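Visitor: Enclosed is the structure file start14.cif (mmCIF, C-alpha atoms and all ligand atoms).
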```cif
data_final
#
loop_
_atom_site.label_atom_id
_atom_site.label_comp_id
_atom_site.auth_asym_id
_atom_site.auth_seq_id
_atom_site.Cartn_x
_atom_site.Cartn_y
_atom_site.Cartn_z
CA MET A 1 83.70 124.22 82.94
CA GLY A 2 81.41 121.90 84.93
CA VAL A 3 80.47 118.30 84.31
CA PRO A 4 77.96 118.06 81.40
CA PRO A 5 74.39 117.03 82.20
CA VAL A 6 73.83 113.31 82.25
CA PRO A 7 71.02 111.92 80.06
CA ARG A 8 68.20 110.21 81.95
CA ARG A 9 68.07 107.20 79.71
CA ALA A 10 70.19 105.37 77.16
CA ASP A 11 70.06 102.37 74.94
CA VAL A 12 73.33 101.20 76.48
CA VAL A 13 75.34 102.54 79.42
CA VAL A 14 79.07 101.80 79.33
CA ILE A 15 80.91 102.07 82.66
CA GLY A 16 84.60 102.99 82.44
CA GLY A 17 86.62 105.18 80.10
CA GLY A 18 89.68 102.98 79.59
CA CYS A 19 90.63 101.51 76.22
CA MET A 20 87.98 98.82 76.66
CA GLY A 21 84.98 100.95 77.61
CA THR A 22 85.77 103.57 74.99
CA SER A 23 86.24 100.89 72.31
CA VAL A 24 82.90 99.23 73.12
CA ALA A 25 81.20 102.64 73.21
CA PHE A 26 82.70 103.51 69.84
CA HIS A 27 81.65 100.27 68.19
CA LEU A 28 78.13 100.43 69.63
CA ALA A 29 77.66 104.10 68.71
CA ARG A 30 78.90 103.37 65.21
CA ARG A 31 76.21 100.72 64.90
CA GLY A 32 73.64 103.43 65.65
CA HIS A 33 73.03 102.76 69.35
CA ASP A 34 72.35 105.58 71.73
CA VAL A 35 75.25 105.17 74.17
CA VAL A 36 76.22 106.94 77.38
CA LEU A 37 79.76 106.31 78.65
CA LEU A 38 80.41 107.18 82.30
CA GLU A 39 83.94 107.64 83.59
CA LYS A 40 84.50 108.46 87.26
CA GLY A 41 87.78 110.29 86.60
CA HIS A 42 89.01 111.12 83.15
CA ILE A 43 89.49 109.05 80.01
CA ALA A 44 92.47 106.66 80.40
CA SER A 45 92.98 107.42 84.09
CA GLY A 46 93.07 103.69 84.99
CA ALA A 47 95.41 100.95 83.74
CA THR A 48 95.17 102.29 80.18
CA GLY A 49 97.09 105.43 81.09
CA HIS A 50 99.86 103.28 82.61
CA SER A 51 100.02 100.78 79.79
CA GLY A 52 103.13 99.78 77.89
CA ALA A 53 100.73 99.75 74.92
CA ILE A 54 102.65 97.06 73.03
CA VAL A 55 100.64 95.66 70.15
CA ARG A 56 101.97 92.20 69.30
CA ARG A 57 100.38 89.05 67.90
CA HIS A 58 102.59 86.39 69.41
CA TYR A 59 100.09 84.58 71.66
CA GLU A 60 100.27 80.97 72.75
CA SER A 61 96.55 80.27 72.33
CA ARG A 62 94.54 80.43 69.13
CA VAL A 63 91.93 82.72 70.69
CA GLY A 64 94.67 85.18 71.70
CA VAL A 65 96.36 85.12 68.28
CA ARG A 66 93.09 85.80 66.46
CA LEU A 67 92.05 88.68 68.71
CA ALA A 68 95.54 90.19 68.58
CA ARG A 69 95.82 89.78 64.79
CA ASP A 70 92.52 91.54 64.10
CA SER A 71 93.20 94.23 66.68
CA LEU A 72 96.62 95.03 65.21
CA SER A 73 95.03 95.46 61.83
CA PHE A 74 92.56 97.95 63.38
CA PHE A 75 95.44 99.90 64.99
CA THR A 76 96.99 100.39 61.54
CA ARG A 77 93.67 101.91 60.32
CA PHE A 78 92.76 103.64 63.60
CA GLN A 79 92.52 107.14 62.16
CA GLU A 80 90.40 106.04 59.19
CA GLU A 81 88.08 104.12 61.51
CA THR A 82 87.69 106.62 64.34
CA GLY A 83 88.73 109.93 62.78
CA PHE A 84 91.47 110.39 65.42
CA PRO A 85 95.14 109.36 65.70
CA CYS A 86 96.45 106.68 68.09
CA ASP A 87 100.08 107.18 67.10
CA PHE A 88 100.68 103.53 66.24
CA ARG A 89 104.35 102.95 65.45
CA ARG A 90 105.38 99.81 63.66
CA THR A 91 108.69 98.60 65.09
CA GLY A 92 108.75 94.83 64.53
CA PHE A 93 109.11 92.26 67.31
CA LEU A 94 111.84 89.78 68.25
CA SER A 95 111.89 86.98 70.82
CA GLY A 96 114.53 84.28 71.06
CA ALA A 97 114.53 80.57 71.95
CA ARG A 98 117.29 78.44 73.45
CA GLU A 99 118.18 75.07 71.95
CA ARG A 100 116.18 73.00 74.45
CA ASP A 101 113.03 75.06 73.76
CA LEU A 102 113.14 74.70 69.97
CA PRO A 103 110.25 72.19 69.70
CA ALA A 104 107.94 74.53 71.65
CA PHE A 105 109.23 77.48 69.63
CA GLU A 106 108.51 75.71 66.30
CA ALA A 107 104.98 74.91 67.52
CA LEU A 108 104.41 78.57 68.38
CA VAL A 109 105.64 79.77 64.97
CA ALA A 110 103.38 77.17 63.30
CA LEU A 111 100.38 78.36 65.36
CA LEU A 112 100.99 81.99 64.36
CA ARG A 113 101.43 81.14 60.69
CA SER A 114 98.31 78.96 60.68
CA GLU A 115 96.36 82.08 61.74
CA GLY A 116 97.87 84.23 59.00
CA VAL A 117 100.49 86.01 61.14
CA PRO A 118 103.62 86.29 59.00
CA ALA A 119 105.98 85.31 61.82
CA GLU A 120 109.46 84.36 60.63
CA ARG A 121 111.93 82.00 62.26
CA LEU A 122 115.35 83.62 62.06
CA GLY A 123 118.72 82.11 62.84
CA PRO A 124 120.70 84.08 65.48
CA GLU A 125 122.96 85.62 62.78
CA GLU A 126 119.94 86.81 60.81
CA ALA A 127 118.49 88.35 63.98
CA VAL A 128 121.73 90.26 64.54
CA GLU A 129 121.53 91.61 61.00
CA ILE A 130 118.26 93.32 61.84
CA GLU A 131 119.09 94.11 65.50
CA PRO A 132 122.91 94.37 65.83
CA ARG A 133 122.76 95.47 69.50
CA LEU A 134 121.12 92.23 70.64
CA ASP A 135 123.19 89.57 72.45
CA VAL A 136 122.00 86.33 70.83
CA ARG A 137 124.70 83.98 72.14
CA ASP A 138 122.25 81.74 73.99
CA TYR A 139 119.57 81.85 71.25
CA ALA A 140 119.19 79.01 68.76
CA ALA A 141 116.38 80.76 66.87
CA VAL A 142 114.54 84.08 66.98
CA LEU A 143 110.91 84.82 66.19
CA HIS A 144 110.37 87.93 64.10
CA ASP A 145 107.00 89.58 63.56
CA PRO A 146 107.65 92.54 61.28
CA ASP A 147 104.31 94.26 61.92
CA ALA A 148 104.16 94.54 65.73
CA GLY A 149 104.48 97.96 67.31
CA TYR A 150 103.11 100.22 70.00
CA ALA A 151 100.65 103.07 70.23
CA ASP A 152 99.91 105.96 72.55
CA PRO A 153 97.44 104.49 75.08
CA ILE A 154 95.92 107.82 76.10
CA ALA A 155 95.48 108.96 72.49
CA THR A 156 93.88 105.59 71.73
CA ALA A 157 91.25 105.80 74.49
CA VAL A 158 90.63 109.48 73.73
CA GLY A 159 90.38 108.62 70.02
CA PHE A 160 87.79 105.92 70.68
CA ALA A 161 85.84 108.27 72.98
CA GLU A 162 85.91 111.13 70.47
CA GLY A 163 85.01 108.71 67.68
CA ALA A 164 82.05 107.52 69.77
CA ARG A 165 81.00 111.16 70.30
CA ARG A 166 81.06 111.71 66.55
CA HIS A 167 78.52 108.91 66.36
CA ARG A 168 76.37 110.74 68.91
CA ALA A 169 77.45 108.91 72.06
CA VAL A 170 77.45 110.98 75.26
CA VAL A 171 80.78 110.69 77.07
CA VAL A 172 80.71 111.96 80.65
CA GLU A 173 83.90 112.35 82.67
CA GLY A 174 83.83 112.95 86.41
CA ARG A 175 80.66 110.91 87.10
CA GLY A 176 81.07 107.53 88.75
CA VAL A 177 78.58 104.71 88.92
CA GLN A 178 77.53 103.66 92.40
CA GLY A 179 75.78 100.46 91.43
CA ILE A 180 73.70 98.59 88.90
CA GLU A 181 69.93 98.53 89.25
CA ALA A 182 68.10 95.31 88.48
CA VAL A 183 64.48 94.33 88.96
CA ARG A 184 63.35 90.72 88.66
CA ARG A 185 66.73 89.68 87.22
CA ARG A 186 66.67 92.33 84.49
CA VAL A 187 68.91 95.38 84.33
CA ARG A 188 67.00 98.64 84.71
CA GLY A 189 69.83 101.16 84.80
CA VAL A 190 72.67 102.52 86.91
CA ARG A 191 72.77 104.60 90.08
CA LEU A 192 75.24 107.47 90.00
CA ARG A 193 77.58 108.58 92.74
CA GLY A 194 76.34 111.85 94.15
CA GLY A 195 72.73 110.97 93.25
CA GLY A 196 70.73 110.40 90.11
CA ARG A 197 70.30 107.46 87.80
CA ILE A 198 70.25 106.55 84.12
CA ALA A 199 67.54 104.19 82.95
CA SER A 200 68.77 101.54 80.54
CA ASP A 201 68.18 97.88 79.97
CA ARG A 202 71.75 97.21 78.83
CA VAL A 203 74.89 97.98 80.77
CA VAL A 204 78.49 97.19 79.82
CA LEU A 205 80.73 97.00 82.85
CA SER A 206 84.32 97.68 81.77
CA ALA A 207 85.73 99.49 84.79
CA GLY A 208 89.06 97.60 84.93
CA THR A 209 90.16 96.72 88.46
CA TRP A 210 87.01 98.38 89.87
CA THR A 211 84.75 96.00 87.92
CA PRO A 212 84.47 93.23 90.57
CA ARG A 213 83.28 95.72 93.18
CA ILE A 214 80.61 97.23 90.89
CA ALA A 215 79.58 93.76 89.70
CA ARG A 216 78.85 92.76 93.30
CA SER A 217 76.07 95.38 93.35
CA ALA A 218 74.32 93.14 90.79
CA GLY A 219 75.14 89.95 92.70
CA VAL A 220 77.95 88.93 90.31
CA ARG A 221 81.20 87.52 91.71
CA LEU A 222 84.27 87.57 89.50
CA PRO A 223 87.50 85.58 90.06
CA ILE A 224 89.89 88.50 89.74
CA ARG A 225 93.10 89.28 91.58
CA PHE A 226 95.15 92.44 91.27
CA VAL A 227 98.83 92.42 90.39
CA ARG A 228 101.13 95.41 90.45
CA GLY A 229 102.97 95.93 87.12
CA GLU A 230 106.03 98.14 86.88
CA VAL A 231 107.88 99.72 83.99
CA ALA A 232 111.13 101.71 83.90
CA ILE A 233 112.21 104.34 81.39
CA LEU A 234 115.84 104.47 80.28
CA ARG A 235 117.44 107.22 78.20
CA ARG A 236 119.19 105.44 75.31
CA PRO A 237 122.94 106.20 75.52
CA PRO A 238 124.82 108.22 72.88
CA GLY A 239 125.68 106.02 69.90
CA PHE A 240 122.69 103.71 70.46
CA GLY A 241 121.39 104.46 66.97
CA ALA A 242 117.95 103.82 65.53
CA PRO A 243 115.03 102.86 67.79
CA PRO A 244 115.15 99.13 68.58
CA LYS A 245 112.48 96.56 67.82
CA ILE A 246 110.20 95.36 70.59
CA HIS A 247 111.99 92.51 72.34
CA PHE A 248 110.65 89.82 74.67
CA ASP A 249 113.32 88.03 76.67
CA VAL A 250 111.61 85.02 78.22
CA TYR A 251 114.86 84.00 79.93
CA GLY A 252 115.69 87.39 81.44
CA ASN A 253 112.01 88.14 82.25
CA THR A 254 111.94 91.50 80.47
CA TYR A 255 110.17 93.15 77.59
CA SER A 256 111.30 96.37 75.99
CA ARG A 257 110.20 98.82 73.37
CA PRO A 258 111.29 102.25 72.22
CA GLU A 259 109.63 105.15 74.02
CA GLY A 260 109.67 108.03 71.57
CA GLU A 261 112.90 109.12 69.91
CA LYS A 262 115.24 108.99 72.92
CA ASP A 263 114.05 106.50 75.51
CA LEU A 264 113.34 102.83 76.07
CA LEU A 265 110.51 101.34 78.13
CA VAL A 266 111.36 98.14 80.01
CA GLY A 267 109.06 95.91 82.08
CA PHE A 268 108.84 92.45 83.63
CA MET A 269 107.31 89.77 81.42
CA ASN A 270 105.91 87.33 83.91
CA SER A 271 103.42 87.74 86.70
CA ASP A 272 104.97 87.47 90.12
CA PRO A 273 102.58 86.36 92.89
CA ARG A 274 104.52 88.54 95.34
CA ARG A 275 103.18 91.56 93.46
CA THR A 276 99.54 90.65 94.21
CA VAL A 277 97.84 93.53 96.05
CA SER A 278 94.39 94.01 97.53
CA GLY A 279 93.30 96.60 94.89
CA PRO A 280 91.40 98.06 93.21
CA GLU A 281 93.82 101.03 93.30
CA LEU A 282 97.51 101.48 93.97
CA ARG A 283 98.52 103.87 96.69
CA GLU A 284 101.80 104.55 94.90
CA ASN A 285 102.23 104.82 91.13
CA SER A 286 105.96 105.51 91.14
CA ILE A 287 108.60 102.75 91.25
CA PRO A 288 111.52 102.26 93.65
CA THR A 289 114.97 103.09 92.29
CA ALA A 290 115.97 99.46 93.03
CA THR A 291 113.30 98.22 90.60
CA ALA A 292 114.53 100.54 87.84
CA ARG A 293 118.07 99.32 88.50
CA ASP A 294 116.97 95.67 88.41
CA LEU A 295 115.21 96.21 85.07
CA GLN A 296 118.23 98.01 83.66
CA GLU A 297 120.60 95.20 84.72
CA ARG A 298 118.32 92.61 83.14
CA ILE A 299 117.90 94.47 79.85
CA ALA A 300 121.64 95.21 79.67
CA ARG A 301 122.29 91.45 79.63
CA ARG A 302 120.37 91.35 76.35
CA PHE A 303 121.40 94.79 74.97
CA PRO A 304 124.87 95.32 76.53
CA ILE A 305 125.03 98.94 75.32
CA LEU A 306 122.18 99.72 77.73
CA ALA A 307 124.54 99.33 80.70
CA ARG A 308 125.35 102.98 79.84
CA ALA A 309 121.70 104.05 79.67
CA GLN A 310 120.43 106.65 82.09
CA PRO A 311 117.46 105.59 84.27
CA ARG A 312 114.64 108.11 84.19
CA GLY A 313 112.20 106.64 86.68
CA GLY A 314 109.10 104.77 85.65
CA TRP A 315 105.61 104.01 86.89
CA ALA A 316 103.38 101.28 88.21
CA GLY A 317 99.85 100.25 87.33
CA LEU A 318 97.51 97.41 88.21
CA TYR A 319 96.68 94.31 86.21
CA ASP A 320 93.29 92.64 86.71
CA VAL A 321 94.08 88.94 86.43
CA THR A 322 91.80 85.88 86.01
CA PRO A 323 92.84 82.30 86.90
CA ASP A 324 93.94 81.57 83.30
CA ALA A 325 95.16 85.13 82.58
CA TYR A 326 92.61 85.52 79.76
CA PRO A 327 89.74 87.99 80.10
CA ILE A 328 86.12 87.28 80.90
CA ILE A 329 83.86 88.80 78.23
CA ASP A 330 80.30 87.74 78.80
CA ALA A 331 76.75 88.43 79.84
CA ALA A 332 76.61 87.94 83.62
CA GLY A 333 74.02 88.18 86.38
CA PRO A 334 70.80 90.04 85.54
CA GLU A 335 69.73 90.03 81.91
CA GLY A 336 71.23 92.99 80.08
CA LEU A 337 74.51 93.13 82.06
CA TYR A 338 77.76 92.49 80.17
CA VAL A 339 81.23 92.39 81.72
CA ALA A 340 84.66 92.81 80.16
CA VAL A 341 87.33 92.24 82.78
CA GLY A 342 90.55 90.39 83.63
CA PHE A 343 92.81 91.66 80.88
CA SER A 344 96.13 91.10 82.65
CA GLY A 345 98.71 92.65 80.38
CA HIS A 346 96.69 92.05 77.22
CA GLY A 347 93.88 94.58 77.34
CA PHE A 348 95.40 97.39 75.35
CA LYS A 349 96.37 95.41 72.28
CA LEU A 350 93.08 93.47 72.25
CA SER A 351 90.78 96.45 72.82
CA PRO A 352 89.80 97.15 69.18
CA GLU A 353 88.60 93.63 68.41
CA ILE A 354 87.10 92.90 71.83
CA GLY A 355 85.22 96.20 71.63
CA ARG A 356 83.87 95.24 68.22
CA LEU A 357 82.85 91.72 69.26
CA LEU A 358 81.33 92.85 72.54
CA GLY A 359 79.43 95.57 70.67
CA GLU A 360 78.02 92.84 68.40
CA PHE A 361 77.09 90.75 71.47
CA VAL A 362 75.30 93.64 73.19
CA ALA A 363 73.52 94.70 70.00
CA SER A 364 72.26 91.24 69.08
CA GLY A 365 72.06 89.52 72.47
CA LYS A 366 73.90 86.57 70.87
CA ARG A 367 77.46 85.79 71.90
CA PRO A 368 79.78 85.82 68.86
CA GLU A 369 81.50 82.46 68.49
CA ALA A 370 84.91 84.16 68.80
CA LEU A 371 84.07 85.11 72.41
CA SER A 372 82.93 81.67 73.47
CA PRO A 373 86.36 80.61 74.90
CA LEU A 374 86.20 83.73 77.12
CA ARG A 375 82.78 82.96 78.67
CA ALA A 376 82.45 83.41 82.44
CA SER A 377 81.39 79.81 83.09
CA ARG A 378 84.60 78.27 81.68
CA TYR A 379 86.28 77.80 85.09
CA ARG A 380 83.27 76.02 86.62
CA GLU A 381 83.03 73.88 83.46
CA GLY A 382 86.71 72.95 83.75
CA GLU A 383 87.50 74.61 80.42
CA PRO A 384 89.88 77.49 81.10
CA VAL A 385 91.87 78.84 78.18
CA VAL A 386 94.96 76.67 77.85
CA PRO A 387 97.87 77.53 75.57
CA ASP A 388 97.82 75.69 72.22
CA ALA A 389 101.57 76.26 71.90
CA PRO A 390 103.11 77.02 75.32
CA PHE A 391 106.50 78.62 74.93
CA PRO A 392 108.73 77.97 76.72
CA LYS A 393 106.89 75.21 78.56
CA GLY A 394 106.41 75.47 82.29
CA ARG A 395 107.24 79.14 82.84
CA GLY A 396 105.16 81.89 84.47
CA ARG A 397 102.27 83.65 82.84
CA ARG A 398 102.95 86.28 80.25
CA LEU A 399 101.91 89.82 81.21
CA PRO A 400 102.30 92.56 78.59
C1 LIG A 501 102.25 98.60 83.76
C2 LIG A 501 101.31 98.04 82.73
C3 LIG A 501 101.78 97.75 81.45
C4 LIG A 501 100.91 97.22 80.50
N1 LIG A 501 101.39 96.98 79.25
C5 LIG A 501 100.55 96.50 78.29
C6 LIG A 501 101.01 96.29 76.97
O1 LIG A 501 102.17 96.53 76.64
N2 LIG A 501 100.11 95.83 76.04
C7 LIG A 501 98.81 95.53 76.37
O2 LIG A 501 98.07 95.07 75.51
N3 LIG A 501 98.35 95.74 77.62
C8 LIG A 501 99.18 96.21 78.58
N4 LIG A 501 98.73 96.42 79.85
C9 LIG A 501 97.35 96.06 80.17
C10 LIG A 501 96.37 97.09 79.68
O3 LIG A 501 96.87 98.38 79.89
C11 LIG A 501 95.04 96.89 80.41
O4 LIG A 501 94.62 95.54 80.24
C12 LIG A 501 93.97 97.81 79.83
O5 LIG A 501 94.40 99.15 79.86
C13 LIG A 501 92.69 97.65 80.63
O6 LIG A 501 91.75 98.57 80.10
P1 LIG A 501 90.33 98.71 80.77
O7 LIG A 501 89.59 99.69 79.94
O8 LIG A 501 89.74 97.35 80.99
O9 LIG A 501 90.61 99.27 82.25
P2 LIG A 501 91.09 100.75 82.74
O10 LIG A 501 92.03 101.39 81.80
O11 LIG A 501 91.54 100.58 84.14
O12 LIG A 501 89.75 101.57 82.68
C14 LIG A 501 88.72 101.43 83.63
C15 LIG A 501 88.13 102.82 83.87
O13 LIG A 501 86.97 102.68 84.66
C16 LIG A 501 86.86 103.83 85.47
N5 LIG A 501 85.97 103.53 86.60
C17 LIG A 501 86.26 102.77 87.68
N6 LIG A 501 85.21 102.73 88.51
C18 LIG A 501 84.23 103.47 87.94
C19 LIG A 501 82.92 103.81 88.32
N7 LIG A 501 82.39 103.38 89.48
N8 LIG A 501 82.17 104.59 87.49
C20 LIG A 501 82.70 105.04 86.31
N9 LIG A 501 83.96 104.77 85.91
C21 LIG A 501 84.71 103.98 86.71
C22 LIG A 501 88.30 104.09 85.90
O14 LIG A 501 88.49 105.43 86.32
C23 LIG A 501 89.07 103.75 84.63
O15 LIG A 501 89.36 104.90 83.83
C24 LIG A 501 99.55 96.97 80.82
C25 LIG A 501 99.06 97.28 82.10
C26 LIG A 501 99.93 97.81 83.04
C27 LIG A 501 99.39 98.14 84.41
#
```
Before anything else, please render the file you have as structure tokens.
Ligand SMILES: Cc1cc2nc3c(=O)[nH]c(=O)nc-3n(C[C@H](O)[C@H](O)[C@H](O)COP(=O)(O)OP(=O)(O)OC[C@H]3O[C@@H](n4cnc5c(N)ncnc54)[C@H](O)[C@@H]3O)c2cc1C

Guide:
Amino acid sequence: MGVPPVPRRADVVVIGGGCMGTSVAFHLARRGHDVVLLEKGHIASGATGHSGAIVRRHYESRVGVRLARDSLSFFTRFQEETGFPCDFRRTGFLSGARERDLPAFEALVALLRSEGVPAERLGPEEAVEIEPRLDVRDYAAVLHDPDAGYADPIATAVGFAEGARRHRAVVVEGRGVQGIEAVRRRVRGVRLRGGGRIASDRVVLSAGTWTPRIARSAGVRLPIRFVRGEVAILRRPPGFGAPPKIHFDVYGNTYSRPEGEKDLLVGFMNSDPRRTVSGPELRENSIPTATARDLQERIARRFPILARAQPRGGWAGLYDVTPDAYPIIDAAGPEGLYVAVGFSGHGFKLSPEIGRLLGEFVASGKRPEALSPLRASRYREGEPVVPDAPFPKGRGRRLP
């Protein structure tokens, strides 16, 4: 079967078939817009397909909590909304605080609760009641969000894309965009790799780590660096029992979640400047055995039973990271161009709500208030996103 014919014009062209592009395409198509989504490879072949796909609401800034809260609620209704499953599994979420970090921890819990997230503060003994395998000896308190979980990232992007198709969007895989066409500072369409063009006066550029390069064709420079992210898969040992809750260990620099019925996915929580690469693609998507071993040793300090787990490899993907580790969602450059980039380790869980808000922005031309903190000009204006409740203070930036 060949690549389907590409329409010559569209109301809106969306570039990129990751969770973000497919979500925007879905929300725009649902509003009745005539949308063409172009994906150079296949749906979810970028960072989305390598995502840990954790859906949590525990953010340190109000803008993050709100986007994550509303996105999680969409994940629980994904099938009703799109007509397709995303395999969201509610597991619950735990993250502990040491004595000296209790003031910052209390501030974080208060921030979450003020935004309607039913986060609970548990004592260490209460945490052990709900997660008996967890070593809580250094924890003075544990945050519990009962509703967090994870989804299947490929099913999610495919679900958004199929949902968009149901609303008459045209989704084309295997056709890349060469550049954006603009005349007198207005978008006129996109040029396709291999020849051809699509005329359109609105283009959404959501091509993940490839976005800065495509944006340059419209004279737009974006402050993005690329960071390699790695996850390992461990087979849970005999006697492990029920799937664990998602756990963030800010002291051991790991996050973990169940992977299906038998495995556990483990990754590093904080960005490490030594993992910065030139991008936009990784040459190698597998991980060294030493990295898998390092992750296993770290997670076994928190879940001692996992010292007996069997490593089963893992994979690497690329994060697109802005100076404040929050995305840029804005109109940029020629009129009619919109960018959604710089998601670090947050893009999957935020994709439903960002897709909805960006769809509203593109449809109306007016930036929704909720996106104002994520405007492109914030760095030049000296107003980057800063945590409202940094926890624990002074540590590296959170990734997943
Ligand atoms: C290891 C790892 C773990 C992660 N874990 C989590 C997590 O637990 N929770 C969470 O919320 N987030 C997580 N993330 C982050 C999240 O996965 C990303 O932020 C998100 O997938 C980004 O989606 P996107 O649609 O912006 O980009 P992508 O998924 O990269 O999609 C961009 C698409 O654009 C296409 N494209 C590129 N150039 C062109 C072109 N010229 N023409 C047409 N198409 C083009 C690409 O092929 C690609 O499919 C993780 C990321 C990594 C790497």

Visitor: Report as an MDAnalysis selection string which protein, DNA and RNA residues come within 7 Å of ligand LIG 501 (chain A), using all atoms listed in the file.

Guide: chainID A and resid 15:21 38:55 175:178 206:211 214 228:231 316:319 340:341 343:350 400

Visitor: Enumerate, as an mmCIF file with C-alpha atoms, in the frame of the given file, the protein, DNA and RNA residues whose atoms approach (99.7, 106.9, 66.9) to within 12 Å, taking into account only C-alpha atoms and the coordinate frame of the file.

Guide:
```
data_model
loop_
_atom_site.group_PDB
_atom_site.id
_atom_site.type_symbol
_atom_site.label_atom_id
_atom_site.label_comp_id
_atom_site.auth_asym_id
_atom_site.auth_seq_id
_atom_site.Cartn_x
_atom_site.Cartn_y
_atom_site.Cartn_z
ATOM 1 C CA ALA A 53 100.730 99.750 74.920
ATOM 2 C CA ILE A 54 102.650 97.060 73.030
ATOM 3 C CA VAL A 55 100.640 95.660 70.150
ATOM 4 C CA PHE A 74 92.560 97.950 63.380
ATOM 5 C CA PHE A 75 95.440 99.900 64.990
ATOM 6 C CA THR A 76 96.990 100.390 61.540
ATOM 7 C CA ARG A 77 93.670 101.910 60.320
ATOM 8 C CA PHE A 78 92.760 103.640 63.600
ATOM 9 C CA GLN A 79 92.520 107.140 62.160
ATOM 10 C CA PHE A 84 91.470 110.390 65.420
ATOM 11 C CA PRO A 85 95.140 109.360 65.700
ATOM 12 C CA CYS A 86 96.450 106.680 68.090
ATOM 13 C CA ASP A 87 100.080 107.180 67.100
ATOM 14 C CA PHE A 88 100.680 103.530 66.240
ATOM 15 C CA ARG A 89 104.350 102.950 65.450
ATOM 16 C CA ARG A 90 105.380 99.810 63.660
ATOM 17 C CA GLY A 149 104.480 97.960 67.310
ATOM 18 C CA TYR A 150 103.110 100.220 70.000
ATOM 19 C CA ALA A 151 100.650 103.070 70.230
ATOM 20 C CA ASP A 152 99.910 105.960 72.550
ATOM 21 C CA PRO A 153 97.440 104.490 75.080
ATOM 22 C CA ILE A 154 95.920 107.820 76.100
ATOM 23 C CA ALA A 155 95.480 108.960 72.490
ATOM 24 C CA THR A 156 93.880 105.590 71.730
ATOM 25 C CA ALA A 157 91.250 105.800 74.490
ATOM 26 C CA VAL A 158 90.630 109.480 73.730
ATOM 27 C CA GLY A 159 90.380 108.620 70.020
ATOM 28 C CA GLY A 260 109.670 108.030 71.570
#
```

Visitor: Within 12 Å of Arg213 in chain A, counting all atoms listed in the file, which residues show up once you throw out same-chain ones fewer than 6 positions away? Write them as an MDAnalysis selection string, please.

Guide: chainID A and resid 177:180 205:207 219:225 279:281 341

Visitor: List as a list in words the protein and nucleic acid residues near Val171 in chain A, meaning an atom at most 7 Å away when all atoms listed in the file are counted, but skip any in the same chain fewer than 4 places from it.

Guide: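 Near neighbours after the sequence-gap exclusion: Val36, Leu37, Leu38, Ala161 and Arg165 of chain A.
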
Visitor: Have a look at A:Arg236, A:Arg191, A:Arg257, A:Arg184 and name the one nearest to Leu306 in chain A; count all atoms listed in the file.

Guide: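 Among A:Arg236, A:Arg191, A:Arg257, A:Arg184, it is A:Arg236 that comes nearest to Leu306 in chain A.
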
Visitor: So, with only C-alpha atoms as the atoms that count, which of A:Val14, A:Leu134, A:Ala164, A:Ala332 lies closest to Phe26 in chain A?

Guide: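 Looking only at the distances to Phe26 in chain A, the closest residue turns out to be A:Ala164.
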
Visitor: Which residue out of A:Ala97, A:Val172, A:Leu357, A:Ala199 has the minimum interatomic distance to Val250 in chain A when all atoms listed in the file are used?

Guide: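 The shortest atom-to-atom distance to Val250 in chain A comes from A:Ala97.
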
Visitor: What does the distance from CA of Pro387 in chain A to CA of Val142 in chain A come to in Å, to one decimal?

Guide: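 These two atoms are separated by 19.9 Å.
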
Visitor: Please identify every residue of range 19-108 of chain A that has at least one atom no farther than 9 Å from an atom of range 364-373 of chain A, counting only C-alpha atoms, and for each give the shortest atom pair and the distance in Å to one decimal, arranged by chain then increasing number, as CSV.

Guide:
```
residue,atom,partner,partner_atom,distance
A:Val63,CA,A:Pro373,CA,7.3
A:Arg66,CA,A:Ala370,CA,8.7
A:Leu67,CA,A:Ala370,CA,8.5
```

Visitor: Please indicate the distance in Å from CA of Val203 in chain A to CA of Gly189 in chain A, rounded to one decimal place.

Guide: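 Taking CA of Val203 in chain A and CA of Gly189 in chain A, their separation equals 7.2 Å.
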
Visitor: Report, in Å to a single decimal, how far apart CA of Gly313 in chain A and CA of Pro288 in chain A are.

Guide: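 Interatomic distance here is 8.3 Å.
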
Visitor: Contacts of Leu358 in chain A at 9 Å or less, counting all atoms listed in the file, minus same-chain residues fewer than 3 places along, as a list in words?

Guide: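 After dropping sequence-adjacent residues, the list is Val24, His27, Leu28, Val204, Ile329, Asp330, Tyr338, Ala340, Glu353, Ile354, Gly355, Phe361, Val362, Ala363, Arg367, Pro368 and Leu371 of chain A.
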
Visitor: Return the single residue from A:Arg30, A:Arg301, A:Arg235, A:Arg69 that is closest to Arg137 in chain A, with distances computed using only C-alpha atoms.

Guide: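 Checking each of A:Arg30, A:Arg301, A:Arg235, A:Arg69 against Arg137 in chain A, counting only C-alpha atoms, the winner is A:Arg301.
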
Visitor: When you look at Pro244 in chain A with a cut-off of 10 Å (counting only C-alpha atoms), what residues show up, excluding the ones that are within fewer than 6 positions of it in the same chain? I need them as a ChimeraX atom specification.

Guide: /A:91-94,130-134,256-259,264,303

Visitor: Which residues come within 9 Å of range 114-119 of chain A, counting all atoms listed in the file, excluding same-chain residues fewer than 3 positions away, as a VMD selection string?

Guide: chain A and resid 57 to 58 62 65 to 66 69 109 to 111 143 to 147

Visitor: Identify the residues within 12 Å of coordinate (123.5, 103.5, 83.6) (same frame as the file), considering only C-alpha atoms, and give the answer as a list in words.

Guide: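 Those residues lying close to the given coordinates are Ile233, Leu234, Arg235, Arg236, Pro237, Pro238, Ala292, Arg293, Asp294, Leu295, Gln296, Glu297, Ile299, Ala300, Pro304, Ile305, Leu306, Ala307, Arg308, Ala309, Gln310, Pro311 and Arg312 of chain A.
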